>>> print(open('protein_24.cif').read())   # mmCIF, C-alpha atoms and all ligand atoms
data_upload
#
loop_
_atom_site.label_atom_id
_atom_site.label_comp_id
_atom_site.auth_asym_id
_atom_site.auth_seq_id
_atom_site.Cartn_x
_atom_site.Cartn_y
_atom_site.Cartn_z
CA MET U 1 -99.60 -90.05 -102.72
CA SER U 2 -97.07 -87.29 -102.38
CA ASP U 3 -94.75 -86.98 -99.40
CA SER U 4 -96.70 -83.95 -98.23
CA ARG U 5 -99.86 -86.09 -98.02
CA PHE U 6 -98.33 -89.10 -96.29
CA LEU U 7 -101.20 -89.19 -93.80
CA SER U 8 -104.49 -87.60 -94.78
CA LEU U 9 -107.70 -87.20 -92.86
CA GLU U 10 -110.46 -86.57 -95.37
CA LYS U 11 -113.69 -85.08 -94.07
CA LEU U 12 -113.26 -87.25 -90.99
CA THR U 13 -116.23 -87.12 -88.62
CA LEU U 14 -115.85 -88.69 -85.20
CA SER U 15 -118.82 -89.17 -82.90
CA TYR U 16 -119.69 -90.62 -79.52
CA GLY U 17 -123.24 -91.79 -80.10
CA LYS U 18 -125.17 -88.74 -81.25
CA ASN U 19 -122.48 -86.31 -80.07
CA VAL U 20 -120.12 -85.22 -82.81
CA ALA U 21 -116.70 -84.60 -81.24
CA VAL U 22 -114.87 -83.85 -84.49
CA PRO U 23 -116.87 -82.78 -87.57
CA GLU U 24 -115.43 -83.20 -91.09
CA MET U 25 -111.77 -82.74 -90.32
CA ASP U 26 -109.40 -82.33 -93.26
CA LEU U 27 -105.71 -82.65 -92.50
CA ASP U 28 -102.54 -83.57 -94.39
CA ILE U 29 -99.36 -84.60 -92.64
CA ALA U 30 -96.06 -84.95 -94.49
CA LYS U 31 -93.70 -87.89 -94.32
CA GLY U 32 -91.10 -87.43 -91.58
CA GLU U 33 -92.90 -84.57 -89.86
CA LEU U 34 -93.10 -84.05 -86.12
CA VAL U 35 -96.54 -82.56 -85.61
CA ALA U 36 -98.20 -81.31 -82.43
CA LEU U 37 -101.94 -81.49 -81.89
CA LEU U 38 -102.44 -78.59 -79.50
CA GLY U 39 -105.60 -77.44 -77.79
CA PRO U 40 -107.52 -77.14 -74.54
CA SER U 41 -109.16 -80.02 -72.74
CA GLY U 42 -112.06 -81.49 -74.67
CA CYS U 43 -111.15 -80.03 -78.09
CA GLY U 44 -110.86 -83.48 -79.68
CA LYS U 45 -107.14 -84.23 -79.68
CA THR U 46 -107.37 -87.69 -78.15
CA THR U 47 -110.43 -88.55 -80.22
CA THR U 48 -108.51 -87.70 -83.41
CA MET U 49 -105.52 -89.79 -82.32
CA ARG U 50 -107.73 -92.74 -81.39
CA ALA U 51 -109.32 -92.64 -84.83
CA ILE U 52 -105.91 -92.63 -86.54
CA ALA U 53 -104.83 -95.55 -84.34
CA GLY U 54 -107.99 -97.47 -85.22
CA LEU U 55 -109.38 -97.46 -81.69
CA MET U 56 -112.49 -95.66 -82.82
CA GLU U 57 -114.54 -96.07 -85.96
CA PRO U 58 -115.23 -92.82 -87.83
CA ALA U 59 -118.85 -91.88 -88.46
CA SER U 60 -117.81 -90.79 -91.95
CA GLY U 61 -114.81 -89.68 -93.96
CA ALA U 62 -111.52 -91.43 -94.61
CA ILE U 63 -108.02 -91.94 -93.24
CA VAL U 64 -105.39 -92.52 -95.91
CA LEU U 65 -101.86 -93.54 -94.95
CA ASP U 66 -99.05 -93.89 -97.47
CA GLY U 67 -101.57 -94.24 -100.29
CA ALA U 68 -103.71 -96.90 -98.56
CA ASN U 69 -107.20 -96.24 -97.22
CA ILE U 70 -106.98 -97.55 -93.65
CA THR U 71 -110.33 -96.20 -92.42
CA ARG U 72 -111.75 -99.67 -91.74
CA VAL U 73 -108.49 -101.50 -91.06
CA PRO U 74 -108.45 -102.90 -87.49
CA ALA U 75 -106.04 -101.27 -85.03
CA ASN U 76 -103.69 -104.26 -84.81
CA LYS U 77 -103.31 -104.38 -88.60
CA ARG U 78 -102.44 -100.68 -89.00
CA PRO U 79 -98.84 -99.57 -89.37
CA VAL U 80 -99.50 -97.05 -86.61
CA GLY U 81 -97.80 -97.01 -83.19
CA LEU U 82 -99.26 -95.50 -80.07
CA VAL U 83 -97.39 -94.29 -76.99
CA PHE U 84 -99.61 -93.48 -74.03
CA GLN U 85 -98.95 -91.01 -71.25
CA SER U 86 -99.06 -93.86 -68.77
CA TYR U 87 -96.27 -95.98 -70.12
CA ALA U 88 -98.30 -99.21 -69.93
CA LEU U 89 -95.18 -101.34 -69.55
CA PHE U 90 -95.44 -104.92 -68.29
CA PRO U 91 -94.10 -104.72 -64.71
CA HIS U 92 -92.98 -108.37 -64.57
CA LEU U 93 -90.94 -108.15 -67.79
CA ASN U 94 -87.55 -106.49 -67.97
CA VAL U 95 -86.75 -103.69 -70.38
CA TYR U 96 -85.51 -106.00 -73.12
CA GLU U 97 -88.58 -108.25 -72.84
CA ASN U 98 -90.94 -105.27 -72.85
CA VAL U 99 -89.40 -103.97 -76.07
CA ALA U 100 -89.37 -107.48 -77.59
CA PHE U 101 -93.01 -108.22 -76.70
CA GLY U 102 -94.77 -106.84 -79.78
CA LEU U 103 -92.13 -108.17 -82.15
CA LYS U 104 -92.50 -111.68 -80.70
CA LEU U 105 -96.26 -111.48 -81.19
CA MET U 106 -95.55 -110.69 -84.83
CA GLY U 107 -93.42 -113.84 -85.06
CA VAL U 108 -90.03 -112.11 -85.13
CA LYS U 109 -87.42 -114.32 -83.44
CA GLY U 110 -83.78 -115.33 -83.19
CA LYS U 111 -81.05 -113.00 -84.37
CA ASP U 112 -83.53 -110.68 -86.09
CA LEU U 113 -85.43 -110.15 -82.84
CA GLU U 114 -82.22 -109.53 -80.92
CA THR U 115 -80.93 -107.02 -83.45
CA ARG U 116 -84.18 -105.08 -83.59
CA VAL U 117 -84.61 -104.91 -79.82
CA ASN U 118 -80.97 -103.90 -79.28
CA ASP U 119 -81.23 -101.26 -82.01
CA GLY U 120 -84.42 -99.93 -80.37
CA LEU U 121 -82.78 -99.72 -76.96
CA LYS U 122 -79.76 -98.00 -78.50
CA THR U 123 -81.99 -95.46 -80.25
CA VAL U 124 -83.44 -94.34 -76.93
CA GLY U 125 -80.14 -94.63 -75.06
CA LEU U 126 -81.17 -97.51 -72.78
CA SER U 127 -78.86 -100.35 -73.84
CA GLN U 128 -77.32 -100.63 -70.39
CA TYR U 129 -80.74 -100.98 -68.74
CA ALA U 130 -81.90 -104.04 -70.72
CA THR U 131 -82.19 -106.33 -67.71
CA ARG U 132 -83.91 -103.88 -65.35
CA LYS U 133 -87.58 -104.08 -64.48
CA PRO U 134 -89.74 -100.98 -65.15
CA ALA U 135 -90.02 -100.28 -61.41
CA GLU U 136 -86.22 -99.86 -61.30
CA LEU U 137 -86.32 -97.03 -63.85
CA SER U 138 -87.09 -93.31 -63.60
CA GLY U 139 -90.23 -91.95 -65.25
CA GLY U 140 -88.21 -90.62 -68.16
CA GLN U 141 -86.52 -93.97 -68.68
CA GLN U 142 -89.86 -95.77 -68.58
CA GLN U 143 -91.15 -93.35 -71.18
CA ARG U 144 -88.14 -94.17 -73.34
CA VAL U 145 -88.82 -97.92 -73.04
CA SER U 146 -92.36 -97.21 -74.14
CA LEU U 147 -91.01 -95.23 -77.09
CA ALA U 148 -88.54 -98.00 -78.02
CA ARG U 149 -91.30 -100.61 -77.82
CA SER U 150 -93.31 -98.69 -80.41
CA MET U 151 -90.35 -97.74 -82.59
CA VAL U 152 -89.14 -101.35 -83.04
CA MET U 153 -92.46 -102.18 -84.70
CA GLU U 154 -91.37 -99.77 -87.47
CA PRO U 155 -94.69 -97.91 -87.67
CA LYS U 156 -95.33 -95.55 -90.55
CA VAL U 157 -96.81 -93.11 -88.06
CA LEU U 158 -96.17 -92.94 -84.35
CA LEU U 159 -98.81 -91.28 -82.17
CA LEU U 160 -97.90 -89.98 -78.73
CA ASP U 161 -100.68 -88.96 -76.37
CA GLU U 162 -99.42 -86.35 -73.88
CA PRO U 163 -96.06 -88.19 -73.83
CA LEU U 164 -94.39 -85.87 -71.35
CA SER U 165 -97.22 -85.02 -69.00
CA ASN U 166 -96.30 -87.58 -66.33
CA LEU U 167 -92.73 -86.35 -66.03
CA ASP U 168 -91.43 -83.70 -63.66
CA ALA U 169 -90.33 -80.35 -65.09
CA ARG U 170 -86.65 -81.19 -65.50
CA LEU U 171 -87.25 -84.59 -67.09
CA ARG U 172 -89.86 -83.10 -69.38
CA LEU U 173 -87.25 -80.73 -70.82
CA GLU U 174 -84.81 -83.59 -71.24
CA MET U 175 -87.39 -85.80 -72.96
CA ARG U 176 -88.40 -83.01 -75.34
CA THR U 177 -84.90 -82.99 -76.77
CA GLU U 178 -84.73 -86.77 -76.67
CA LEU U 179 -87.99 -87.20 -78.57
CA GLN U 180 -86.89 -84.69 -81.19
CA ARG U 181 -83.57 -86.48 -81.61
CA VAL U 182 -85.19 -89.92 -81.98
CA GLN U 183 -87.69 -88.51 -84.46
CA LYS U 184 -85.10 -86.74 -86.60
CA GLU U 185 -82.67 -89.67 -86.56
CA SER U 186 -85.34 -92.26 -87.38
CA GLY U 187 -87.34 -90.09 -89.78
CA VAL U 188 -90.58 -91.61 -88.43
CA THR U 189 -93.64 -89.42 -88.87
CA MET U 190 -94.82 -88.51 -85.39
CA ILE U 191 -97.91 -86.78 -84.06
CA PHE U 192 -98.02 -85.85 -80.40
CA VAL U 193 -100.89 -84.50 -78.37
CA THR U 194 -100.34 -81.71 -75.90
CA HIS U 195 -102.28 -78.96 -74.21
CA ASP U 196 -99.01 -77.18 -73.43
CA GLN U 197 -98.22 -74.48 -75.97
CA VAL U 198 -94.61 -74.19 -74.82
CA GLU U 199 -94.07 -77.90 -75.46
CA ALA U 200 -95.69 -77.69 -78.90
CA LEU U 201 -93.69 -74.61 -79.87
CA ALA U 202 -90.43 -76.14 -78.64
CA MET U 203 -90.73 -79.52 -80.32
CA ALA U 204 -92.95 -79.53 -83.37
CA ASP U 205 -92.16 -78.88 -87.02
CA ARG U 206 -95.81 -77.93 -87.40
CA ILE U 207 -98.57 -77.24 -84.91
CA ILE U 208 -102.25 -77.99 -85.39
CA VAL U 209 -104.27 -75.86 -82.99
CA MET U 210 -107.66 -77.40 -82.26
CA LEU U 211 -110.75 -75.89 -80.67
CA ASP U 212 -114.16 -77.51 -80.22
CA GLY U 213 -113.40 -80.34 -82.64
CA HIS U 214 -112.13 -78.18 -85.48
CA ILE U 215 -108.75 -76.90 -86.61
CA GLU U 216 -108.28 -73.24 -85.68
CA GLN U 217 -104.86 -72.88 -87.29
CA ILE U 218 -102.06 -74.94 -88.77
CA GLY U 219 -98.58 -73.51 -88.96
CA THR U 220 -94.95 -73.65 -87.99
CA PRO U 221 -94.17 -72.71 -84.38
CA GLU U 222 -92.99 -69.31 -85.67
CA ASP U 223 -96.29 -68.76 -87.53
CA ILE U 224 -98.41 -69.68 -84.58
CA TYR U 225 -96.31 -67.67 -82.16
CA ASN U 226 -95.99 -64.52 -84.26
CA ASN U 227 -99.05 -64.58 -86.51
CA PRO U 228 -101.96 -66.18 -84.70
CA ALA U 229 -104.96 -66.35 -87.01
CA SER U 230 -107.66 -65.89 -84.40
CA ASP U 231 -108.31 -64.41 -80.98
CA PHE U 232 -108.38 -67.91 -79.54
CA VAL U 233 -104.94 -68.85 -80.88
CA ALA U 234 -103.54 -65.46 -79.85
CA ASP U 235 -104.81 -65.93 -76.31
CA PHE U 236 -103.56 -69.52 -76.23
CA VAL U 237 -100.01 -68.53 -77.18
CA GLY U 238 -99.68 -65.70 -74.70
CA PHE U 239 -101.13 -62.57 -76.30
CA GLU U 240 -102.87 -61.47 -73.12
CA ASN U 241 -104.33 -58.26 -74.56
CA VAL U 242 -106.72 -59.27 -77.34
CA PHE U 243 -109.33 -56.94 -78.89
CA GLU U 244 -111.88 -57.06 -81.64
CA ARG U 245 -111.26 -54.36 -84.21
CA VAL U 246 -113.97 -52.43 -86.04
CA GLY U 247 -112.74 -49.75 -88.45
CA ASP U 248 -110.45 -47.42 -86.55
CA THR U 249 -111.55 -48.62 -83.16
CA ILE U 250 -111.02 -51.54 -80.85
CA LYS U 251 -113.87 -52.85 -78.74
CA THR U 252 -112.96 -52.77 -75.07
CA ALA U 253 -114.69 -53.62 -71.82
CA ASN U 254 -115.47 -49.89 -71.51
CA GLY U 255 -116.65 -49.17 -75.04
CA ASP U 256 -114.95 -48.45 -78.35
CA VAL U 257 -111.51 -46.83 -78.29
CA ALA U 258 -110.01 -45.13 -81.33
CA ILE U 259 -106.66 -46.43 -82.55
CA SER U 260 -104.46 -45.37 -85.42
CA GLY U 261 -101.82 -47.13 -87.45
CA ASP U 262 -101.32 -49.36 -90.43
CA ILE U 263 -104.06 -51.99 -90.17
CA ASP U 264 -105.04 -54.42 -92.93
CA ASP U 265 -108.62 -54.01 -94.13
CA ALA U 266 -109.25 -57.69 -93.42
CA THR U 267 -108.00 -57.53 -89.83
CA LYS U 268 -110.73 -58.49 -87.38
CA GLY U 269 -108.70 -58.23 -84.22
CA LEU U 270 -105.53 -56.85 -82.68
CA ALA U 271 -103.47 -58.55 -80.01
CA TRP U 272 -100.48 -57.59 -77.91
CA ARG U 273 -98.25 -59.71 -75.75
CA PRO U 274 -97.49 -58.08 -72.38
CA SER U 275 -93.97 -57.45 -73.72
CA MET U 276 -95.40 -55.47 -76.67
CA VAL U 277 -97.15 -52.93 -74.44
CA THR U 278 -95.17 -49.71 -74.01
CA LEU U 279 -94.98 -48.90 -70.32
CA GLY U 280 -94.10 -45.48 -68.88
CA GLU U 281 -95.29 -43.39 -71.79
CA GLY U 282 -98.28 -43.24 -74.13
CA PRO U 283 -101.80 -41.88 -74.39
CA TYR U 284 -103.44 -44.20 -71.84
CA GLU U 285 -103.22 -44.49 -68.08
CA GLY U 286 -103.64 -47.54 -65.91
CA THR U 287 -103.57 -48.30 -62.20
CA VAL U 288 -101.36 -51.14 -60.99
CA ARG U 289 -103.58 -53.90 -59.57
CA GLY U 290 -101.05 -56.70 -59.48
CA THR U 291 -97.39 -57.39 -60.16
CA SER U 292 -95.53 -60.61 -60.68
CA PHE U 293 -91.80 -61.14 -60.87
CA ALA U 294 -90.68 -63.58 -63.55
CA GLY U 295 -86.91 -63.54 -63.37
CA GLY U 296 -85.80 -61.27 -66.21
CA THR U 297 -89.12 -59.45 -66.42
CA ARG U 298 -91.84 -58.09 -64.17
CA GLU U 299 -95.48 -58.24 -65.24
CA TYR U 300 -98.10 -55.67 -64.27
CA LEU U 301 -101.83 -56.04 -64.28
CA LEU U 302 -103.32 -52.62 -64.95
CA ASP U 303 -106.89 -51.37 -64.53
CA THR U 304 -107.38 -49.04 -67.48
CA PRO U 305 -110.12 -47.33 -69.50
CA LEU U 306 -109.57 -50.21 -72.00
CA GLY U 307 -110.24 -52.85 -69.37
CA GLN U 308 -107.50 -54.91 -67.76
CA ILE U 309 -104.15 -54.75 -69.53
CA LYS U 310 -101.14 -56.93 -68.91
CA ALA U 311 -97.81 -55.23 -69.50
CA GLU U 312 -94.30 -56.39 -68.93
CA CYS U 313 -90.98 -54.66 -68.45
CA ASP U 314 -87.39 -55.39 -67.56
CA ALA U 315 -87.18 -56.57 -63.96
CA ALA U 316 -83.99 -54.54 -63.53
CA LEU U 317 -86.10 -51.35 -63.74
CA PRO U 318 -87.47 -49.97 -60.45
CA ALA U 319 -90.69 -51.76 -59.50
CA HIS U 320 -93.99 -49.86 -59.47
CA ASP U 321 -96.15 -50.12 -56.36
CA PHE U 322 -99.67 -51.42 -56.16
CA GLY U 323 -101.98 -48.47 -56.87
CA ALA U 324 -99.41 -46.51 -58.90
CA VAL U 325 -100.75 -44.85 -62.05
CA LEU U 326 -98.70 -45.60 -65.17
CA LYS U 327 -98.85 -44.29 -68.70
CA PHE U 328 -98.88 -46.88 -71.43
CA ASP U 329 -99.43 -47.43 -75.15
CA LEU U 330 -100.61 -50.26 -77.38
CA PRO U 331 -98.47 -49.67 -80.47
CA VAL U 332 -100.39 -50.86 -83.54
CA ALA U 333 -97.12 -51.49 -85.39
CA LYS U 334 -96.26 -54.22 -82.89
CA ALA U 335 -99.69 -55.85 -82.71
CA ALA U 336 -100.57 -59.21 -84.21
CA GLN U 337 -103.36 -58.65 -86.73
CA LEU U 338 -105.95 -61.38 -86.41
CA ALA U 339 -107.93 -62.66 -89.38
CA ARG U 340 -110.76 -63.98 -87.19
CA THR U 341 -112.33 -63.20 -83.84
CA GLY U 342 -115.29 -64.51 -81.92
CA SER U 343 -113.86 -67.78 -80.62
CA LEU U 344 -112.90 -66.51 -77.18
N1 LIG T 401 -116.01 -91.91 -74.37
C1 LIG T 401 -116.65 -90.76 -74.63
N2 LIG T 401 -118.00 -90.69 -74.67
C2 LIG T 401 -118.63 -89.54 -74.95
N3 LIG T 401 -118.01 -88.38 -75.23
C3 LIG T 401 -116.68 -88.37 -75.20
C4 LIG T 401 -115.92 -89.55 -74.90
N4 LIG T 401 -114.60 -89.23 -74.95
C5 LIG T 401 -114.55 -87.92 -75.27
N5 LIG T 401 -115.79 -87.39 -75.41
C6 LIG T 401 -116.11 -86.00 -75.77
O1 LIG T 401 -115.51 -85.69 -77.01
C7 LIG T 401 -114.93 -84.40 -77.00
C8 LIG T 401 -113.44 -84.49 -77.32
O2 LIG T 401 -112.77 -85.20 -76.29
P1 LIG T 401 -111.23 -85.57 -76.35
O3 LIG T 401 -110.95 -86.55 -75.24
O4 LIG T 401 -110.86 -85.98 -77.72
O5 LIG T 401 -110.55 -84.18 -76.01
P2 LIG T 401 -109.03 -83.83 -75.71
O6 LIG T 401 -108.73 -82.64 -76.54
O7 LIG T 401 -108.18 -85.02 -75.93
O8 LIG T 401 -109.10 -83.45 -74.19
P3 LIG T 401 -108.04 -83.73 -73.01
O9 LIG T 401 -106.87 -82.80 -73.25
O10 LIG T 401 -108.81 -83.37 -71.78
O11 LIG T 401 -107.66 -85.18 -73.07
C9 LIG T 401 -115.23 -83.83 -75.62
O12 LIG T 401 -116.34 -83.01 -75.73
C10 LIG T 401 -115.50 -85.04 -74.78
O13 LIG T 401 -116.42 -84.73 -73.75
#
>>> encode(input="protein_24.cif", output="structure tokens", more="lines below")
Ligand SMILES: Nc1ncnc2c1ncn2[C@@H]1O[C@H](COP(=O)(O)OP(=O)(O)OP(=O)(O)O)[C@@H](O)[C@H]1O
Amino acid sequence: MSDSRFLSLEKLTLSYGKNVAVPEMDLDIAKGELVALLGPSGCGKTTTMRAIAGLMEPASGAIVLDGANITRVPANKRPVGLVFQSYALFPHLNVYENVAFGLKLMGVKGKDLETRVNDGLKTVGLSQYATRKPAELSGGQQQRVSLARSMVMEPKVLLLDEPLSNLDARLRLEMRTELQRVQKESGVTMIFVTHDQVEALAMADRIIVMLDGHIEQIGTPEDIYNNPASDFVADFVGFENVFERVGDTIKTANGDVAISGDIDDATKGLAWRPSMVTLGEGPYEGTVRGTSFAGGTREYLLDTPLGQIKAECDAALPAHDFGAVLKFDLPVAKAAQLARTGSL
């Protein structure tokens, strides 16, 4: 076992009866990584997490953790923690007792128990709330109790299923930073599930983008954001103008359109974020069919000979009216060059 293969899924196939949700997944996760499993509803994120936690028996393949094959090890014997989106705290127990619960079951008691629970509460910044009941805490605080409860068990891997989805927008931002801090300070390997690309990009060391039970792309947030491998990933991370490329043309809703520029032979698609579209000059024309103000920028939806194009410009510039005809360009030099298409 090397540190880069701390947790390995080897040809892991996960099925519900005859339906294969995840076919032959291969994945290596390094020790101490904070990894996001990102993808749309139904792509297999939760199924993968449940298999790692031992809540679901794989149809075939193996799960290896820290050198040990845990594929058939029951959930309660795995050194794997699980934090759910619903915090699943015991309402009648106070914060201290909730965090102590699992440790007590394991037979930890006395001074050792006290030290571990107090350390756990300190880690998540809740020492002063030890005697409160869950109902007397905010959602973010309850989530932190849930995190502490898992952390004190000293899991080798901690799995978090949509950990922030029950929190309001402000708390979600706060908990992002908090989770990152706890993870970096503790060094625990963590995998969290999210369908929110912004959350994955903001928090993770590495993102695993899933689609239909398979891995579309693995990379750092920068990789995924700047160099999406496929049309699906590009679309998912905000490239709103995505085209298949054939030779010197792109395929558009209204037929093939010639493009020129430095394009890799292997490139199967080209994609532009709205901010990459040149607005006000260029060889194409589009009619404004929608505008939306987004603080620093204004986005335009244009009806064009290439189909609908989304372009963005500085909101300080004079706004264009509905129906106005604007020149624009899709500069090839700015485009993301996609290695695969056909998944959209
Ligand atoms: N208990 C089940 N029985 C049968 N099929 C299931 C079951 N749970 C999930 N599936 C199917 O397995 C596939 C993967 O589901 P999964 O819940 O892992 O997706 P997900 O990415 O976690 O989605 P979400 O973001 O909506 O939670 C889906 O096609 C789903 O319909």
>>> residues_near_ligand(input="protein_24.cif", ligand="ligand LIG 401 (chain T)", cutoff="10 Å", atoms="all atoms listed in the file", output="short mmCIF file (atom, residue, chain, number, x, y, z; two decimals) with C-alpha atoms, in the frame of the given file")
data_model
loop_
_atom_site.label_atom_id
_atom_site.label_comp_id
_atom_site.auth_asym_id
_atom_site.auth_seq_id
_atom_site.Cartn_x
_atom_site.Cartn_y
_atom_site.Cartn_z
CA LEU U 14 -115.85 -88.69 -85.20
CA SER U 15 -118.82 -89.17 -82.90
CA TYR U 16 -119.69 -90.62 -79.52
CA GLY U 17 -123.24 -91.79 -80.10
CA LYS U 18 -125.17 -88.74 -81.25
CA ASN U 19 -122.48 -86.31 -80.07
CA VAL U 20 -120.12 -85.22 -82.81
CA ALA U 21 -116.70 -84.60 -81.24
CA VAL U 22 -114.87 -83.85 -84.49
CA LEU U 37 -101.94 -81.49 -81.89
CA LEU U 38 -102.44 -78.59 -79.50
CA GLY U 39 -105.60 -77.44 -77.79
CA PRO U 40 -107.52 -77.14 -74.54
CA SER U 41 -109.16 -80.02 -72.74
CA GLY U 42 -112.06 -81.49 -74.67
CA CYS U 43 -111.15 -80.03 -78.09
CA GLY U 44 -110.86 -83.48 -79.68
CA LYS U 45 -107.14 -84.23 -79.68
CA THR U 46 -107.37 -87.69 -78.15
CA THR U 47 -110.43 -88.55 -80.22
CA THR U 48 -108.51 -87.70 -83.41
CA MET U 49 -105.52 -89.79 -82.32
CA ARG U 50 -107.73 -92.74 -81.39
CA ALA U 51 -109.32 -92.64 -84.83
CA MET U 56 -112.49 -95.66 -82.82
CA ASP U 161 -100.68 -88.96 -76.37
CA GLU U 162 -99.42 -86.35 -73.88
CA VAL U 193 -100.89 -84.50 -78.37
CA THR U 194 -100.34 -81.71 -75.90
CA HIS U 195 -102.28 -78.96 -74.21
CA ASP U 196 -99.01 -77.18 -73.43
CA MET U 210 -107.66 -77.40 -82.26
CA LEU U 211 -110.75 -75.89 -80.67
CA ASP U 212 -114.16 -77.51 -80.22
CA GLY U 213 -113.40 -80.34 -82.64
#
>>> closest_residue(input="protein_24.cif", among="U:Gly107, U:Gly323, U:Gly61, U:Pro91", to="Gln142 of chain U", atoms="only C-alpha atoms")
U:Pro91
>>> residues_around(input="protein_24.cif", residues="Glu174 of chain U", least_positions_apart="5", cutoff="12 Å", atoms="all atoms listed in the file", output="PDB file with C-alpha atoms, in the coordinates of the input")
ATOM      1  CA  GLY U 139     -90.230 -91.950 -65.250  1.00  0.00           C
ATOM      2  CA  GLY U 140     -88.210 -90.620 -68.160  1.00  0.00           C
ATOM      3  CA  GLN U 141     -86.520 -93.970 -68.680  1.00  0.00           C
ATOM      4  CA  GLN U 143     -91.150 -93.350 -71.180  1.00  0.00           C
ATOM      5  CA  ARG U 144     -88.140 -94.170 -73.340  1.00  0.00           C
ATOM      6  CA  LEU U 164     -94.390 -85.870 -71.350  1.00  0.00           C
ATOM      7  CA  LEU U 167     -92.730 -86.350 -66.030  1.00  0.00           C
ATOM      8  CA  ASP U 168     -91.430 -83.700 -63.660  1.00  0.00           C
ATOM      9  CA  ALA U 169     -90.330 -80.350 -65.090  1.00  0.00           C
ATOM     10  CA  LEU U 179     -87.990 -87.200 -78.570  1.00  0.00           C
ATOM     11  CA  GLN U 180     -86.890 -84.690 -81.190  1.00  0.00           C
ATOM     12  CA  ARG U 181     -83.570 -86.480 -81.610  1.00  0.00           C
ATOM     13  CA  GLU U 199     -94.070 -77.900 -75.460  1.00  0.00           C
ATOM     14  CA  ALA U 202     -90.430 -76.140 -78.640  1.00  0.00           C
ATOM     15  CA  MET U 203     -90.730 -79.520 -80.320  1.00  0.00           C
TER      16      MET U 203
END
>>> atom_distance(input="protein_24.cif", atom1="atom CA of Gln217 of chain U", atom2="atom CA of Ile63 of chain U")
20.2 Å
>>> closest_residue(input="protein_24.cif", among="U:Gly110, U:Pro23, U:Gly120, U:Gly81", to="Ala59 of chain U", atoms="only C-alpha atoms")
U:Pro23
>>> closest_residue(input="protein_24.cif", among="U:Val288, U:Ile218, U:Leu330, U:Leu279", to="Leu317 of chain U", atoms="only C-alpha atoms")
U:Leu279
>>> residues_around(input="protein_24.cif", residues="Leu160 of chain U", least_positions_apart="2", cutoff="8 Å", atoms="all atoms listed in the file", output="number ranges by chain")
U: 82-85, 158, 162-163, 190-193
>>> residues_around(input="protein_24.cif", residues="Phe243 of chain U", least_positions_apart="3", cutoff="9 Å", atoms="only C-alpha atoms", output="PDB file with C-alpha atoms, in the coordinates of the input")
ATOM      1  CA  ASP U 231    -108.310 -64.410 -80.980  1.00  0.00           C
ATOM      2  CA  ILE U 250    -111.020 -51.540 -80.850  1.00  0.00           C
ATOM      3  CA  LYS U 251    -113.870 -52.850 -78.740  1.00  0.00           C
ATOM      4  CA  THR U 252    -112.960 -52.770 -75.070  1.00  0.00           C
ATOM      5  CA  LYS U 268    -110.730 -58.490 -87.380  1.00  0.00           C
ATOM      6  CA  GLY U 269    -108.700 -58.230 -84.220  1.00  0.00           C
ATOM      7  CA  LEU U 270    -105.530 -56.850 -82.680  1.00  0.00           C
ATOM      8  CA  ALA U 271    -103.470 -58.550 -80.010  1.00  0.00           C
ATOM      9  CA  TRP U 272    -100.480 -57.590 -77.910  1.00  0.00           C
ATOM     10  CA  THR U 341    -112.330 -63.200 -83.840  1.00  0.00           C
TER      11      THR U 341
END
>>> closest_residue(input="protein_24.cif", among="U:Thr267, U:Ser150, U:Ser138, U:Asn226", to="Val117 of chain U", atoms="all atoms listed in the file")
U:Ser150
>>> closest_residue(input="protein_24.cif", among="U:Gly295, U:Gly342, U:Gly307, U:Pro228", to="Arg245 of chain U", atoms="all atoms listed in the file")
U:Gly342
>>> closest_residue(input="protein_24.cif", among="U:Ala319, U:Val73, U:Ala62, U:Val152", to="Phe101 of chain U", atoms="only C-alpha atoms")
U:Val152
>>> axis_aligned_box(input="protein_24.cif", around="segment 84-99 of chain U", padding_each_side="5 Å", output="lines of an AutoDock Vina configuration file")
center_x = -92.6
center_y = -99.7
center_z = -70.3
size_x = 24.1
size_y = 27.4
size_z = 21.5
>>> atom_distance(input="protein_24.cif", atom1="atom CA of Asp248 of chain U", atom2="atom CA of Ser275 of chain U")
23.2 Å
>>> residues_around(input="protein_24.cif", residues="Asn254 of chain U", least_positions_apart="5", cutoff="12 Å", atoms="all atoms listed in the file", output="PyMOL selection string")
chain U and resi 243+303-308
>>> residues_around(input="protein_24.cif", residues="Asp26 of chain U", least_positions_apart="2", cutoff="10 Å", atoms="all atoms listed in the file", output="PDB file with C-alpha atoms, in the frame of the given file")
ATOM      1  CA  SER U   8    -104.490 -87.600 -94.780  1.00  0.00           C
ATOM      2  CA  LEU U   9    -107.700 -87.200 -92.860  1.00  0.00           C
ATOM      3  CA  GLU U  10    -110.460 -86.570 -95.370  1.00  0.00           C
ATOM      4  CA  LYS U  11    -113.690 -85.080 -94.070  1.00  0.00           C
ATOM      5  CA  LEU U  12    -113.260 -87.250 -90.990  1.00  0.00           C
ATOM      6  CA  THR U  13    -116.230 -87.120 -88.620  1.00  0.00           C
ATOM      7  CA  PRO U  23    -116.870 -82.780 -87.570  1.00  0.00           C
ATOM      8  CA  GLU U  24    -115.430 -83.200 -91.090  1.00  0.00           C
ATOM      9  CA  ASP U  28    -102.540 -83.570 -94.390  1.00  0.00           C
ATOM     10  CA  GLY U  61    -114.810 -89.680 -93.960  1.00  0.00           C
ATOM     11  CA  ALA U  62    -111.520 -91.430 -94.610  1.00  0.00           C
ATOM     12  CA  ILE U  63    -108.020 -91.940 -93.240  1.00  0.00           C
ATOM     13  CA  HIS U 214    -112.130 -78.180 -85.480  1.00  0.00           C
ATOM     14  CA  ILE U 215    -108.750 -76.900 -86.610  1.00  0.00           C
TER      15      ILE U 215
END
